[in-house]
file model-v3.cif (mmCIF, C-alpha atoms and all ligand atoms)
data_start
#
loop_
_atom_site.group_PDB
_atom_site.id
_atom_site.type_symbol
_atom_site.label_atom_id
_atom_site.label_comp_id
_atom_site.auth_asym_id
_atom_site.auth_seq_id
_atom_site.Cartn_x
_atom_site.Cartn_y
_atom_site.Cartn_z
ATOM 1 C CA MET A 21 -17.807 -45.049 19.383
ATOM 2 C CA ARG A 22 -19.630 -41.769 18.893
ATOM 3 C CA VAL A 23 -17.907 -40.284 21.927
ATOM 4 C CA ILE A 24 -14.493 -41.353 20.689
ATOM 5 C CA ARG A 25 -15.167 -39.754 17.319
ATOM 6 C CA GLN A 26 -16.183 -36.503 19.011
ATOM 7 C CA VAL A 27 -13.067 -36.550 21.133
ATOM 8 C CA LEU A 28 -10.900 -37.194 18.094
ATOM 9 C CA ALA A 29 -12.630 -34.411 16.200
ATOM 10 C CA ALA A 30 -12.140 -32.041 19.119
ATOM 11 C CA ALA A 31 -8.478 -33.017 19.346
ATOM 12 C CA ALA A 32 -8.023 -32.446 15.612
ATOM 13 C CA LEU A 33 -9.617 -28.999 15.863
ATOM 14 C CA LEU A 34 -7.489 -28.114 18.839
ATOM 15 C CA SER A 35 -4.211 -29.128 17.181
ATOM 16 C CA ALA A 36 -5.234 -27.318 14.005
ATOM 17 C CA ALA A 37 -5.926 -24.164 15.989
ATOM 18 C CA VAL A 38 -2.541 -24.373 17.652
ATOM 19 C CA VAL A 39 -0.472 -25.372 14.620
ATOM 20 C CA PHE A 40 -1.788 -23.155 11.841
ATOM 21 C CA PRO A 41 -1.355 -19.702 13.425
ATOM 22 C CA ALA A 42 2.170 -20.617 14.486
ATOM 23 C CA ALA A 43 3.042 -21.753 10.968
ATOM 24 C CA ALA A 44 1.522 -18.597 9.504
ATOM 25 C CA ASN A 45 3.484 -16.390 11.883
ATOM 26 C CA ALA A 46 6.745 -18.085 10.989
ATOM 27 C CA ALA A 47 6.160 -17.490 7.276
ATOM 28 C CA ASP A 48 4.738 -13.967 7.461
ATOM 29 C CA LYS A 49 7.035 -11.002 7.355
ATOM 30 C CA VAL A 50 5.467 -7.559 7.386
ATOM 31 C CA CYS A 51 7.946 -4.989 6.095
ATOM 32 C CA LYS A 52 7.370 -1.399 7.114
ATOM 33 C CA LEU A 53 8.110 1.500 4.793
ATOM 34 C CA ALA A 54 7.761 5.215 5.477
ATOM 35 C CA ILE A 55 7.617 8.161 3.132
ATOM 36 C CA THR A 56 6.952 11.844 3.743
ATOM 37 C CA GLY A 57 5.313 14.465 1.547
ATOM 38 C CA THR A 58 6.036 18.158 1.967
ATOM 39 C CA ASP A 59 4.437 21.570 1.438
ATOM 40 C CA LEU A 60 6.940 21.951 -1.425
ATOM 41 C CA MET A 61 5.182 19.153 -3.364
ATOM 42 C CA GLN A 62 7.908 16.570 -2.882
ATOM 43 C CA TYR A 63 8.278 13.073 -1.487
ATOM 44 C CA ASP A 64 11.402 12.613 0.629
ATOM 45 C CA LYS A 65 12.230 9.359 -1.193
ATOM 46 C CA LYS A 66 12.615 8.632 -4.880
ATOM 47 C CA GLU A 67 13.016 4.921 -4.347
ATOM 48 C CA LEU A 68 11.589 2.316 -1.968
ATOM 49 C CA ASP A 69 12.901 -1.225 -1.692
ATOM 50 C CA VAL A 70 10.958 -4.271 -0.577
ATOM 51 C CA ALA A 71 13.119 -7.246 0.382
ATOM 52 C CA ALA A 72 12.424 -10.589 -1.267
ATOM 53 C CA ASP A 73 11.309 -12.268 1.971
ATOM 54 C CA CYS A 74 8.625 -9.691 2.822
ATOM 55 C CA THR A 75 5.146 -11.214 2.562
ATOM 56 C CA SER A 76 3.396 -7.910 3.042
ATOM 57 C CA VAL A 77 4.216 -4.230 3.070
ATOM 58 C CA GLU A 78 2.914 -1.688 5.550
ATOM 59 C CA LEU A 79 3.564 1.745 4.100
ATOM 60 C CA THR A 80 2.939 4.924 6.063
ATOM 61 C CA LEU A 81 2.698 8.254 4.292
ATOM 62 C CA THR A 82 3.189 11.296 6.508
ATOM 63 C CA HIS A 83 2.500 14.875 5.439
ATOM 64 C CA GLY A 84 5.312 16.809 7.048
ATOM 65 C CA GLY A 85 3.942 20.197 6.039
ATOM 66 C CA LYS A 86 1.217 22.529 7.309
ATOM 67 C CA LEU A 87 -1.020 23.105 4.297
ATOM 68 C CA PRO A 88 -4.524 21.570 4.235
ATOM 69 C CA LYS A 89 -5.271 18.645 1.955
ATOM 70 C CA GLU A 90 -7.533 20.774 -0.258
ATOM 71 C CA ALA A 91 -4.518 22.926 -1.183
ATOM 72 C CA MET A 92 -1.512 20.590 -0.892
ATOM 73 C CA GLY A 93 -2.927 17.126 -0.248
ATOM 74 C CA HIS A 94 -0.815 14.057 -0.866
ATOM 75 C CA ASN A 95 -1.539 10.387 -1.296
ATOM 76 C CA TRP A 96 0.616 7.405 -2.225
ATOM 77 C CA VAL A 97 -0.537 5.262 -5.099
ATOM 78 C CA LEU A 98 1.266 2.200 -6.434
ATOM 79 C CA VAL A 99 0.927 1.307 -10.131
ATOM 80 C CA ASN A 100 2.611 -0.495 -12.964
ATOM 81 C CA THR A 101 4.710 2.227 -14.578
ATOM 82 C CA SER A 102 2.860 1.845 -17.898
ATOM 83 C CA ASP A 103 -0.435 2.654 -16.089
ATOM 84 C CA LEU A 104 0.755 5.877 -14.465
ATOM 85 C CA SER A 105 -0.995 8.335 -16.818
ATOM 86 C CA ALA A 106 -4.237 6.336 -16.823
ATOM 87 C CA VAL A 107 -4.317 6.327 -13.004
ATOM 88 C CA VAL A 108 -3.616 10.066 -12.876
ATOM 89 C CA ASN A 109 -6.627 10.606 -15.133
ATOM 90 C CA SER A 110 -9.004 8.280 -13.304
ATOM 91 C CA GLY A 111 -7.905 9.859 -10.013
ATOM 92 C CA MET A 112 -8.596 13.344 -11.311
ATOM 93 C CA SER A 113 -12.119 12.276 -12.311
ATOM 94 C CA ALA A 114 -12.711 10.698 -8.887
ATOM 95 C CA GLY A 115 -12.100 14.060 -7.203
ATOM 96 C CA VAL A 116 -11.012 15.196 -3.752
ATOM 97 C CA ALA A 117 -13.991 13.520 -2.019
ATOM 98 C CA ASN A 118 -12.543 10.170 -3.167
ATOM 99 C CA ASN A 119 -8.931 11.067 -2.318
ATOM 100 C CA TYR A 120 -8.269 11.479 -6.078
ATOM 101 C CA ILE A 121 -8.416 7.699 -6.416
ATOM 102 C CA ASP A 122 -10.917 5.756 -8.492
ATOM 103 C CA LYS A 123 -11.463 2.707 -6.280
ATOM 104 C CA SER A 124 -12.885 0.741 -9.218
ATOM 105 C CA ASP A 125 -9.712 1.273 -11.261
ATOM 106 C CA LYS A 126 -7.919 -2.101 -11.277
ATOM 107 C CA LYS A 127 -4.713 -0.326 -12.311
ATOM 108 C CA VAL A 128 -4.427 0.996 -8.738
ATOM 109 C CA LEU A 129 -2.350 -1.696 -7.009
ATOM 110 C CA ALA A 130 -2.342 -0.052 -3.570
ATOM 111 C CA SER A 131 -3.155 3.398 -2.224
ATOM 112 C CA THR A 132 -3.436 5.563 0.855
ATOM 113 C CA LYS A 133 -6.083 8.187 1.387
ATOM 114 C CA LEU A 134 -5.292 11.851 0.828
ATOM 115 C CA VAL A 135 -3.603 13.570 3.776
ATOM 116 C CA GLY A 136 -3.003 17.208 4.662
ATOM 117 C CA GLY A 137 -0.334 18.841 6.820
ATOM 118 C CA GLY A 138 0.420 16.920 10.017
ATOM 119 C CA GLU A 139 -1.642 13.890 9.017
ATOM 120 C CA SER A 140 -0.574 10.397 8.086
ATOM 121 C CA ALA A 141 -2.132 7.344 6.470
ATOM 122 C CA THR A 142 -1.100 3.714 6.198
ATOM 123 C CA VAL A 143 -1.772 1.081 3.571
ATOM 124 C CA THR A 144 -0.959 -2.614 3.852
ATOM 125 C CA PHE A 145 -0.718 -4.860 0.809
ATOM 126 C CA PRO A 146 0.581 -8.376 0.133
ATOM 127 C CA THR A 147 3.734 -8.776 -1.930
ATOM 128 C CA SER A 148 1.879 -11.484 -3.862
ATOM 129 C CA ILE A 149 0.599 -8.641 -6.071
ATOM 130 C CA LEU A 150 4.216 -7.878 -7.072
ATOM 131 C CA LYS A 151 6.611 -9.786 -9.297
ATOM 132 C CA LYS A 152 10.003 -10.760 -7.896
ATOM 133 C CA GLY A 153 12.593 -8.470 -9.454
ATOM 134 C CA GLY A 154 9.866 -6.070 -10.543
ATOM 135 C CA ALA A 155 9.983 -2.275 -10.480
ATOM 136 C CA TYR A 156 6.791 -0.283 -9.961
ATOM 137 C CA SER A 157 5.948 3.383 -9.847
ATOM 138 C CA TYR A 158 4.375 5.280 -6.986
ATOM 139 C CA LEU A 159 2.882 8.691 -7.273
ATOM 140 C CA CYS A 160 0.655 11.319 -5.734
ATOM 141 C CA THR A 161 -2.565 11.706 -7.750
ATOM 142 C CA PHE A 162 -3.456 15.160 -6.386
ATOM 143 C CA PRO A 163 -3.937 17.202 -9.588
ATOM 144 C CA GLY A 164 -0.624 18.470 -10.899
ATOM 145 C CA HIS A 165 1.535 16.668 -8.356
ATOM 146 C CA ASN A 166 2.589 13.484 -10.151
ATOM 147 C CA SER A 167 5.308 15.063 -12.289
ATOM 148 C CA ALA A 168 7.175 16.062 -9.109
ATOM 149 C CA MET A 169 5.866 13.411 -6.758
ATOM 150 C CA ARG A 170 6.736 10.003 -8.100
ATOM 151 C CA GLY A 171 9.264 7.301 -7.421
ATOM 152 C CA VAL A 172 10.157 3.670 -7.968
ATOM 153 C CA LEU A 173 9.318 0.759 -5.693
ATOM 154 C CA LYS A 174 11.470 -2.318 -6.242
ATOM 155 C CA PHE A 175 10.688 -5.848 -5.076
ATOM 156 C CA ASP A 176 14.024 -7.637 -4.893
HETATM 157 CU CU CU B 1 0.683 15.478 -3.597
#
call {"tool": "encode", "arguments": {"input": "model-v3.cif", "output": "structure tokens"}}
result
Amino acid sequence: MRVIRQVLAAAALLSAAVVFPAAANAADKVCKLAITGTDLMQYDKKELDVAADCTSVELTLTHGGKLPKEAMGHNWVLVNTSDLSAVVNSGMSAGVANNYIDKSDKKVLASTKLVGGGESATVTFPTSILKKGGAYSYLCTFPGHNSAMRGVLKFD
């Protein structure tokens, strides 16, 4: 009896191991987004769209310029639009050593590190943090950049 139970338990574990990853793969859809920052303090995109069936987003920020991050660094920070100014301020206080992002600030929904010319950084976040049909703001929190470097991310 004990042997049978162990065999059954082993069989249950085995089928669970086989079934669950397959089910997860079928449901998961990672959607890749790319955006570039320049030496002229601009993003190349003013709007990013995330399709309704994406379960997570993998966003890559590339600095297409040549200037170092201390002079013309860029990051990509996702916020509720109403929190934009607050996140700019908390980022400023955090300083360059922290990529101008206050990691304890719950208003930061997702963020990349700060990159300089020729560098890139990627952030992955689940779309479960977004509302369907919602529009969010993204910005660069390097001091003085957000007025020029901001855009809208829409989750369809
Ligand atoms: Cu910037």
call {"tool": "resolve_selection", "arguments": {"input": "model-v3.cif", "expression": "the PyMOL selection byres (((chain A and resi 167) around 12) and not hetatm)", "output": "list of chain:residue names"}}
result
A:Met61, A:Gln62, A:Tyr63, A:Leu104, A:Ser105, A:Val108, A:Ser157, A:Tyr158, A:Leu159, A:Cys160, A:Thr161, A:Phe162, A:Pro163, A:Gly164, A:His165, A:Asn166, A:Ala168, A:Met169, A:Arg170, A:Gly171
call {"tool": "resolve_selection", "arguments": {"input": "model-v3.cif", "expression": "the PyMOL selection byres (((chain A and resi 98) around 9) and not hetatm)", "output": "list in words"}}
result
Trp96, Val97, Val99, Asn100, Thr101, Leu104, Lys127, Val128, Leu129, Ala130, Ser131, Tyr156, Ser157, Tyr158, Leu159 and Leu173 of chain A
call {"tool": "resolve_selection", "arguments": {"input": "model-v3.cif", "expression": "the PyMOL selection byres (((chain A and resi 71) around 9) and not hetatm)", "output": "compact mmCIF listing (two decimals) with C-alpha atoms, keeping the file's coordinate frame"}}
result
# COMPACT_ATOMS: atom_id res chain seq x y z
CA CYS A 51 7.95 -4.99 6.10
CA ASP A 69 12.90 -1.23 -1.69
CA VAL A 70 10.96 -4.27 -0.58
CA ALA A 72 12.42 -10.59 -1.27
CA ASP A 73 11.31 -12.27 1.97
CA CYS A 74 8.62 -9.69 2.82
CA LYS A 174 11.47 -2.32 -6.24
CA PHE A 175 10.69 -5.85 -5.08
CA ASP A 176 14.02 -7.64 -4.89
call {"tool": "closest_residue", "arguments": {"input": "model-v3.cif", "among": "A:Ser140, A:Ser102, A:Ser148, A:Asn118", "to": "Gly57 in chain A", "atoms": "only C-alpha atoms"}}
result
A:Ser140
call {"tool": "residues_around", "arguments": {"input": "model-v3.cif", "residues": "Gly111 in chain A", "least_positions_apart": "3", "cutoff": "7 Å", "atoms": "all atoms listed in the file", "output": "ChimeraX atom specification"}}
result
/A:107-108,114-115,120-122,161
call {"tool": "closest_residue", "arguments": {"input": "model-v3.cif", "among": "A:Leu87, A:Val77, A:Val135, A:Ala106", "to": "Leu150 in chain A", "atoms": "all atoms listed in the file"}}
result
A:Val77
call {"tool": "axis_aligned_box", "arguments": {"input": "model-v3.cif", "around": "range 91-98 of chain A", "padding_each_side": "4 Å", "output": "lines of an AutoDock Vina configuration file"}}
result
center_x = -1.6
center_y = 12.6
center_z = -3.3
size_x = 13.8
size_y = 28.7
size_z = 14.2
call {"tool": "closest_residue", "arguments": {"input": "model-v3.cif", "among": "A:Ile149, A:Val116, A:Leu134, A:Val143", "to": "ligand CU 1 (chain B)", "atoms": "all atoms listed in the file"}}
result
A:Leu134
call {"tool": "closest_residue", "arguments": {"input": "model-v3.cif", "among": "A:Ala141, A:Asn119, A:His83, A:Thr147", "to": "Val50 in chain A", "atoms": "all atoms listed in the file"}}
result
A:Thr147
call {"tool": "residues_around", "arguments": {"input": "model-v3.cif", "residues": "Thr75 in chain A", "least_positions_apart": "5", "cutoff": "6 Å", "atoms": "all atoms listed in the file", "output": "list of chain:residue names"}}
result
A:Asp48, A:Lys49, A:Pro146, A:Thr147
call {"tool": "residues_around", "arguments": {"input": "model-v3.cif", "residues": "Ala54 in chain A", "least_positions_apart": "5", "cutoff": "10 Å", "atoms": "all atoms listed in the file", "output": "ChimeraX atom specification"}}
result
/A:64-65,68,78-82,142
call {"tool": "closest_residue", "arguments": {"input": "model-v3.cif", "among": "A:Leu60, A:Phe145, A:Ala117, A:Lys151", "to": "Lys133 in chain A", "atoms": "all atoms listed in the file"}}
result
A:Ala117
call {"tool": "closest_residue", "arguments": {"input": "model-v3.cif", "among": "A:Asp103, A:Asp125, A:Glu67, A:Asp59", "to": "ligand CU 1 (chain B)", "atoms": "only C-alpha atoms and all ligand atoms"}}
result
A:Asp59
call {"tool": "atom_distance", "arguments": {"input": "model-v3.cif", "atom1": "CA of Gly154 in chain A", "atom2": "CA of Lys66 in chain A"}}
result
16.0 Å
call {"tool": "atom_distance", "arguments": {"input": "model-v3.cif", "atom1": "CA of Ile55 in chain A", "atom2": "CA of Ser124 in chain A"}}
result
25.1 Å
call {"tool": "atom_distance", "arguments": {"input": "model-v3.cif", "atom1": "atom CU of ligand CU 1 (chain B)", "atom2": "CA of Met112 in chain A"}}
result
12.3 Å
call {"tool": "residues_near_point", "arguments": {"input": "model-v3.cif", "point": "(5.5, 25.0, 7.6)", "cutoff": "9 Å", "atoms": "only C-alpha atoms", "output": "list of chain:residue names"}}
result
A:Thr58, A:Asp59, A:Gly84, A:Gly85, A:Lys86, A:Leu87, A:Gly137
call {"tool": "build_atoms", "arguments": {"input": "model-v3.cif", "residues": "range 83-94 of chain A", "atoms": "all heavy atoms", "output": "PDB file, in the coordinates of the input"}}
result
ATOM      1  N   HIS A  83       2.389  13.532   6.024  1.00  0.00           N
ATOM      2  CA  HIS A  83       2.500  14.875   5.439  1.00  0.00           C
ATOM      3  C   HIS A  83       3.240  15.732   6.454  1.00  0.00           C
ATOM      4  O   HIS A  83       2.708  16.061   7.514  1.00  0.00           O
ATOM      5  CB  HIS A  83       1.101  15.425   5.158  1.00  0.00           C
ATOM      6  CG  HIS A  83       1.088  16.644   4.287  1.00  0.00           C
ATOM      7  ND1 HIS A  83       1.931  17.709   4.479  1.00  0.00           N
ATOM      8  CD2 HIS A  83       0.346  16.941   3.194  1.00  0.00           C
ATOM      9  CE1 HIS A  83       1.692  18.638   3.556  1.00  0.00           C
ATOM     10  NE2 HIS A  83       0.730  18.180   2.755  1.00  0.00           N
ATOM     11  N   GLY A  84       4.464  16.063   6.119  1.00  0.00           N
ATOM     12  CA  GLY A  84       5.312  16.809   7.048  1.00  0.00           C
ATOM     13  C   GLY A  84       5.092  18.311   7.012  1.00  0.00           C
ATOM     14  O   GLY A  84       5.751  19.052   7.751  1.00  0.00           O
ATOM     15  N   GLY A  85       4.159  18.760   6.178  1.00  0.00           N
ATOM     16  CA  GLY A  85       3.942  20.197   6.039  1.00  0.00           C
ATOM     17  C   GLY A  85       2.796  20.708   6.897  1.00  0.00           C
ATOM     18  O   GLY A  85       2.386  20.051   7.865  1.00  0.00           O
ATOM     19  N   LYS A  86       2.288  21.885   6.533  1.00  0.00           N
ATOM     20  CA  LYS A  86       1.217  22.529   7.309  1.00  0.00           C
ATOM     21  C   LYS A  86      -0.030  22.808   6.479  1.00  0.00           C
ATOM     22  O   LYS A  86      -1.092  23.093   7.023  1.00  0.00           O
ATOM     23  CB  LYS A  86       1.721  23.869   7.870  1.00  0.00           C
ATOM     24  CG  LYS A  86       2.818  23.723   8.919  1.00  0.00           C
ATOM     25  CD  LYS A  86       2.966  25.015   9.712  1.00  0.00           C
ATOM     26  CE  LYS A  86       3.788  24.848  10.968  1.00  0.00           C
ATOM     27  NZ  LYS A  86       5.204  25.162  10.784  1.00  0.00           N
ATOM     28  N   LEU A  87       0.096  22.734   5.166  1.00  0.00           N
ATOM     29  CA  LEU A  87      -1.020  23.105   4.297  1.00  0.00           C
ATOM     30  C   LEU A  87      -2.134  22.056   4.324  1.00  0.00           C
ATOM     31  O   LEU A  87      -1.866  20.869   4.449  1.00  0.00           O
ATOM     32  CB  LEU A  87      -0.514  23.293   2.860  1.00  0.00           C
ATOM     33  CG  LEU A  87       0.458  24.467   2.662  1.00  0.00           C
ATOM     34  CD1 LEU A  87       1.063  24.435   1.266  1.00  0.00           C
ATOM     35  CD2 LEU A  87      -0.242  25.802   2.918  1.00  0.00           C
ATOM     36  N   PRO A  88      -3.391  22.514   4.214  1.00  0.00           N
ATOM     37  CA  PRO A  88      -4.524  21.570   4.235  1.00  0.00           C
ATOM     38  C   PRO A  88      -4.562  20.711   2.974  1.00  0.00           C
ATOM     39  O   PRO A  88      -4.002  21.086   1.941  1.00  0.00           O
ATOM     40  CB  PRO A  88      -5.745  22.484   4.310  1.00  0.00           C
ATOM     41  CG  PRO A  88      -5.297  23.763   3.701  1.00  0.00           C
ATOM     42  CD  PRO A  88      -3.836  23.903   4.055  1.00  0.00           C
ATOM     43  N   LYS A  89      -5.277  19.585   3.085  1.00  0.00           N
ATOM     44  CA  LYS A  89      -5.271  18.645   1.955  1.00  0.00           C
ATOM     45  C   LYS A  89      -5.961  19.197   0.716  1.00  0.00           C
ATOM     46  O   LYS A  89      -5.666  18.781  -0.395  1.00  0.00           O
ATOM     47  CB  LYS A  89      -5.864  17.303   2.372  1.00  0.00           C
ATOM     48  CG  LYS A  89      -7.349  17.284   2.623  1.00  0.00           C
ATOM     49  CD  LYS A  89      -7.795  15.862   2.972  1.00  0.00           C
ATOM     50  CE  LYS A  89      -9.292  15.807   3.190  1.00  0.00           C
ATOM     51  NZ  LYS A  89      -9.736  14.454   3.603  1.00  0.00           N
ATOM     52  N   GLU A  90      -6.866  20.184   0.905  1.00  0.00           N
ATOM     53  CA  GLU A  90      -7.533  20.774  -0.258  1.00  0.00           C
ATOM     54  C   GLU A  90      -6.546  21.581  -1.111  1.00  0.00           C
ATOM     55  O   GLU A  90      -6.736  21.746  -2.309  1.00  0.00           O
ATOM     56  CB  GLU A  90      -8.683  21.697   0.180  1.00  0.00           C
ATOM     57  CG  GLU A  90      -9.859  20.972   0.824  1.00  0.00           C
ATOM     58  CD  GLU A  90      -9.600  20.525   2.266  1.00  0.00           C
ATOM     59  OE1 GLU A  90      -8.601  20.965   2.875  1.00  0.00           O
ATOM     60  OE2 GLU A  90     -10.394  19.707   2.780  1.00  0.00           O
ATOM     61  N   ALA A  91      -5.483  22.093  -0.470  1.00  0.00           N
ATOM     62  CA  ALA A  91      -4.518  22.926  -1.183  1.00  0.00           C
ATOM     63  C   ALA A  91      -3.262  22.164  -1.572  1.00  0.00           C
ATOM     64  O   ALA A  91      -2.705  22.361  -2.659  1.00  0.00           O
ATOM     65  CB  ALA A  91      -4.133  24.126  -0.313  1.00  0.00           C
ATOM     66  N   MET A  92      -2.784  21.290  -0.670  1.00  0.00           N
ATOM     67  CA  MET A  92      -1.512  20.590  -0.892  1.00  0.00           C
ATOM     68  C   MET A  92      -1.622  19.164  -0.345  1.00  0.00           C
ATOM     69  O   MET A  92      -0.774  18.691   0.392  1.00  0.00           O
ATOM     70  CB  MET A  92      -0.379  21.375  -0.203  1.00  0.00           C
ATOM     71  CG  MET A  92       1.043  20.869  -0.389  1.00  0.00           C
ATOM     72  SD  MET A  92       1.640  20.606  -2.055  1.00  0.00           S
ATOM     73  CE  MET A  92       1.852  22.297  -2.620  1.00  0.00           C
ATOM     74  N   GLY A  93      -2.734  18.499  -0.711  1.00  0.00           N
ATOM     75  CA  GLY A  93      -2.927  17.126  -0.248  1.00  0.00           C
ATOM     76  C   GLY A  93      -2.005  16.164  -0.956  1.00  0.00           C
ATOM     77  O   GLY A  93      -1.604  16.402  -2.105  1.00  0.00           O
ATOM     78  N   HIS A  94      -1.645  15.101  -0.254  1.00  0.00           N
ATOM     79  CA  HIS A  94      -0.815  14.057  -0.866  1.00  0.00           C
ATOM     80  C   HIS A  94      -1.418  12.683  -0.569  1.00  0.00           C
ATOM     81  O   HIS A  94      -1.947  12.453   0.520  1.00  0.00           O
ATOM     82  CB  HIS A  94       0.612  14.075  -0.305  1.00  0.00           C
ATOM     83  CG  HIS A  94       1.328  15.369  -0.512  1.00  0.00           C
ATOM     84  ND1 HIS A  94       1.374  16.019  -1.730  1.00  0.00           N
ATOM     85  CD2 HIS A  94       2.034  16.144   0.360  1.00  0.00           C
ATOM     86  CE1 HIS A  94       2.088  17.147  -1.592  1.00  0.00           C
ATOM     87  NE2 HIS A  94       2.491  17.248  -0.331  1.00  0.00           N
TER      88      HIS A  94
END
